[in-house]
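Novice: Just so it is clear, I am handing over entry-v8.txt, which has compact mmCIF, C-alpha atoms.
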# COMPACT_ATOMS: atom_id res chain seq x y z
CA MET A 3 2.08 -19.60 19.54
CA GLN A 4 2.57 -20.21 15.83
CA LEU A 5 2.35 -16.46 15.09
CA TYR A 6 4.81 -15.73 17.87
CA ASN A 7 7.31 -18.29 16.59
CA GLN A 8 6.97 -17.02 13.03
CA TYR A 9 7.59 -13.35 13.85
CA CYS A 10 9.61 -13.33 17.08
CA HIS A 11 13.12 -13.26 15.59
CA GLY A 12 12.31 -10.65 12.94
CA MET A 13 10.66 -8.36 15.46
CA TYR A 14 13.64 -8.73 17.80
CA ILE A 15 15.94 -7.55 14.98
CA VAL A 16 13.70 -4.51 14.48
CA ALA A 17 13.78 -3.74 18.22
CA LYS A 18 17.60 -4.06 18.34
CA ARG A 19 17.87 -1.29 15.77
CA PHE A 20 16.35 1.06 18.33
CA ILE A 21 17.42 -0.46 21.65
CA SER A 22 21.03 -1.59 22.04
CA ASN A 23 20.48 -3.48 25.29
CA THR A 24 19.64 -7.11 24.40
CA ALA A 25 17.46 -7.82 27.43
CA GLU A 26 15.54 -4.58 27.04
CA ALA A 27 14.96 -5.26 23.33
CA GLU A 28 13.64 -8.74 24.20
CA ASP A 29 11.32 -7.26 26.82
CA LEU A 30 9.99 -4.67 24.38
CA VAL A 31 9.31 -7.36 21.77
CA GLN A 32 7.37 -9.29 24.41
CA ASP A 33 5.42 -6.13 25.29
CA ALA A 34 4.69 -5.54 21.61
CA PHE A 35 3.36 -9.09 21.20
CA ILE A 36 1.14 -8.64 24.24
CA LYS A 37 -0.19 -5.39 22.77
CA ALA A 38 -0.72 -7.04 19.39
CA PHE A 39 -2.54 -10.05 20.80
CA SER A 40 -4.72 -7.88 23.03
CA LYS A 41 -5.63 -5.70 20.04
CA LEU A 42 -5.90 -8.49 17.48
CA HIS A 43 -9.50 -7.50 16.87
CA GLN A 44 -8.21 -4.15 15.50
CA PHE A 45 -6.19 -5.88 12.76
CA LYS A 46 -8.13 -5.11 9.60
CA GLY A 47 -5.97 -6.98 7.10
CA ASP A 48 -5.28 -3.89 4.95
CA VAL A 49 -1.56 -4.64 5.46
CA THR A 50 0.19 -7.91 6.24
CA PHE A 51 0.18 -9.09 9.83
CA GLY A 52 3.99 -8.73 9.88
CA ALA A 53 3.81 -5.08 8.82
CA TRP A 54 1.11 -4.39 11.43
CA LEU A 55 3.18 -6.10 14.13
CA LYS A 56 6.36 -4.29 13.05
CA ARG A 57 4.59 -0.97 13.49
CA ILE A 58 3.63 -1.99 17.03
CA VAL A 59 7.24 -3.01 17.79
CA VAL A 60 8.62 0.28 16.43
CA ASN A 61 6.09 2.31 18.41
CA THR A 62 6.82 0.30 21.56
CA CYS A 63 10.56 0.95 21.20
CA ILE A 64 10.10 4.65 20.57
CA ASP A 65 7.73 4.94 23.53
CA ALA A 66 10.36 3.24 25.72
CA LEU A 67 13.04 5.66 24.53
CA LYS A 68 10.79 8.61 25.25
CA SER A 69 9.93 7.34 28.71
CA LYS A 70 13.65 7.05 29.54
CA LYS A 71 13.97 10.78 28.99
CA GLN A 72 15.79 10.17 25.73
CA HIS A 73 13.35 12.43 24.00
CA LEU A 74 13.64 12.86 20.29
CA GLU A 75 14.58 16.45 19.60
CA THR A 76 11.96 18.31 17.66
CA LEU A 77 12.88 21.14 15.39
CA ASP A 78 11.16 24.48 15.42
CA GLU A 79 9.20 24.24 12.18
CA VAL A 80 9.59 27.96 11.56
CA HIS A 81 13.27 27.30 10.81
CA LEU A 82 12.81 24.17 8.70
CA LYS A 83 13.94 24.18 5.13
CA VAL A 84 11.51 22.36 2.85
CA ILE A 85 13.34 19.54 1.13
CA ASP A 86 12.36 18.29 -2.32
CA ALA A 87 11.17 14.69 -1.92
CA ASN A 88 13.13 13.54 -4.97
CA ASP A 89 16.39 14.85 -3.56
CA THR A 90 15.76 13.31 -0.14
CA ASP A 91 14.55 9.90 -1.19
CA ASP A 92 16.82 8.98 -4.09
CA ASP A 93 20.34 10.30 -3.45
CA TRP A 94 21.79 7.67 -1.11
CA GLN A 95 25.12 7.24 -2.87
CA ILE A 96 28.03 6.40 -0.64
CA ASP A 97 31.61 5.29 -1.20
CA ASP A 98 31.79 1.88 -2.88
CA ALA A 99 34.17 0.73 -0.15
CA ALA A 100 31.47 1.17 2.53
CA THR A 101 29.79 -2.04 3.63
CA VAL A 102 26.30 -2.50 5.04
CA HIS A 103 27.96 -3.07 8.41
CA ASP A 104 29.82 0.26 8.09
CA VAL A 105 26.54 2.05 7.35
CA LYS A 106 24.80 0.47 10.34
CA VAL A 107 27.70 1.24 12.69
CA VAL A 108 27.94 4.87 11.56
CA MET A 109 24.14 5.22 11.69
CA GLU A 110 24.29 4.43 15.42
CA THR A 111 26.51 7.49 15.93
CA LEU A 112 24.05 9.92 14.34
CA PRO A 113 22.30 12.37 16.66
CA GLU A 114 18.99 10.85 17.78
CA LYS A 115 16.90 13.46 15.95
CA TYR A 116 18.39 12.15 12.68
CA LYS A 117 19.08 8.53 13.57
CA TYR A 118 15.47 7.43 14.06
CA VAL A 119 14.19 9.13 10.90
CA VAL A 120 17.04 7.61 8.86
CA MET A 121 16.44 4.17 10.38
CA LEU A 122 12.70 4.29 9.82
CA PHE A 123 13.13 5.47 6.23
CA LEU A 124 16.19 3.58 5.06
CA ILE A 125 16.01 0.31 6.99
CA GLU A 126 12.35 -0.07 7.94
CA GLY A 127 11.00 1.37 4.69
CA TYR A 128 8.48 3.82 6.13
CA ASP A 129 7.47 6.90 4.13
CA HIS A 130 7.42 10.43 5.54
CA GLN A 131 3.73 10.32 6.44
CA GLU A 132 4.26 7.15 8.48
CA ILE A 133 7.44 8.51 10.08
CA SER A 134 5.65 11.71 11.05
CA GLU A 135 2.91 9.68 12.74
CA ILE A 136 5.35 7.36 14.54
CA LEU A 137 7.64 10.12 15.83
CA ASN A 138 4.87 12.69 16.27
CA ILE A 139 6.57 15.23 14.00
CA SER A 140 5.41 16.91 10.80
CA GLU A 141 6.18 15.49 7.38
CA VAL A 142 8.31 18.58 6.73
CA ALA A 143 10.35 17.81 9.86
CA SER A 144 10.68 14.19 8.71
CA ARG A 145 12.00 15.24 5.30
CA THR A 146 14.37 17.78 6.81
CA GLN A 147 15.73 15.43 9.45
CA LEU A 148 16.17 12.72 6.82
CA SER A 149 18.06 15.07 4.54
CA ARG A 150 20.34 16.29 7.32
CA GLY A 151 20.79 12.75 8.66
CA LYS A 152 21.70 11.51 5.19
CA GLN A 153 24.28 14.28 4.78
CA LYS A 154 25.76 13.55 8.20
CA LEU A 155 25.82 9.81 7.45
CA GLN A 156 27.61 10.39 4.16
CA GLU A 157 30.15 12.72 5.84
CA LEU A 158 30.84 10.22 8.61
CA LEU A 159 31.25 7.36 6.15
CA LYS A 160 33.58 9.42 3.99
CA SER A 161 35.76 10.48 6.94
CA LYS A 162 35.78 6.91 8.26
CA HIS A 163 37.19 5.60 5.00
CA TYR A 164 39.62 8.45 4.45
CA GLY A 165 40.75 8.17 8.05
CA ALA A 166 41.41 4.44 7.65
CA ARG A 167 43.76 5.03 4.72
CA TYR A 168 46.22 7.33 6.51
Rewrite the structure of this file - the entire thing - as structure tokens.
Specialist:
Amino acid sequence: MQLYNQYCHGMYIVAKRFISNTAEAEDLVQDAFIKAFSKLHQFKGDVTFGAWLKRIVVNTCIDALKSKKQHLETLDEVHLKVIDANDTDDDWQIDDAATVHDVKVVMETLPEKYKYVVMLFLIEGYDHQEISEILNISEVASRTQLSRGKQKLQELLKSKHYGARY
């Protein structure tokens, strides 16, 4: 119960980033805790318990989205442009007037194929290898979707602020 109380709120916040419905997010957190406790013997301690649990919560949320026929769109890898990791990971400059709230609101409007990669990378802190495993896509697809999602996010933030001034 102590582990549950320690991590419950934080894991709920993670789930809400993927699932907008409050009750459904709560249910998925409960499911994730059940999975974690039933697989506690698999926890090796190579990462913190919180990081291990967060991965279970993220996977549980993504599985729920997939099962609701809200499949993540996969790109045909033949048409993917390889993105330089330095360009993708470091250039997150946005207008100084944009707040964290603005970024989160605009991020919700991104197409799903970009939104989840951007969320996992920018908010959850996963790298491309981890994102590719979670979303069952290649690392190239992860980099490409992140790059395109970042561009779309920057465009939407820019138009939001310019639109507000006129």
Novice: Got a sec: who's within 9 Å of Val59 (chain A), counting only C-alpha atoms, leaving out chain neighbours fewer than 4 positions off, as a ChimeraX atom specification?
Specialist: /A:13-14,16-17,30-31,33-35,54-55,63-64
Novice: Let me make sure I understand: among A:Ala27, A:Val108, A:Lys37, A:Lys152, which one has the smallest atom-to-atom distance to Phe123 (chain A) if we use all atoms listed in the file?
Specialist: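 Of the candidates, the smallest distance to Phe123 (chain A) is held by A:Lys152.
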Novice: For Tyr128 (chain A), work out the shell of residues within 12 Å, counting all atoms listed in the file and skipping chain neighbours fewer than 5 positions away, then give it as a PyMOL selection string.
Specialist: chain A and resi 53+56-57+60+91+118-123+133-137+141+144-145+148
Novice: So, counting only C-alpha atoms, which residue among A:Ile36, A:Ala25, A:Ile58, A:Val49 is closest to Tyr6 (chain A)?
Specialist: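 Smallest separation from Tyr6 (chain A) among the options: A:Ile36.
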Novice: Nearest to Thr146 (chain A): which of A:His103, A:Lys115, A:Gln4, A:Asp65 is it, counting all atoms listed in the file?
Specialist: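 Closest to Thr146 (chain A), using all atoms listed in the file: A:Lys115.
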Novice: Interatomic distance between CA of Asp29 (chain A) and CA of Gly52 (chain A)?
Specialist: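 Interatomic distance, CA of Asp29 (chain A) to CA of Gly52 (chain A): 18.5 Å.
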Novice: May I ask for the distance between CA of Val105 (chain A) and CA of Leu124 (chain A), given in Å to one decimal place?
Specialist: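 Interatomic distance, CA of Val105 (chain A) to CA of Leu124 (chain A): 10.7 Å.
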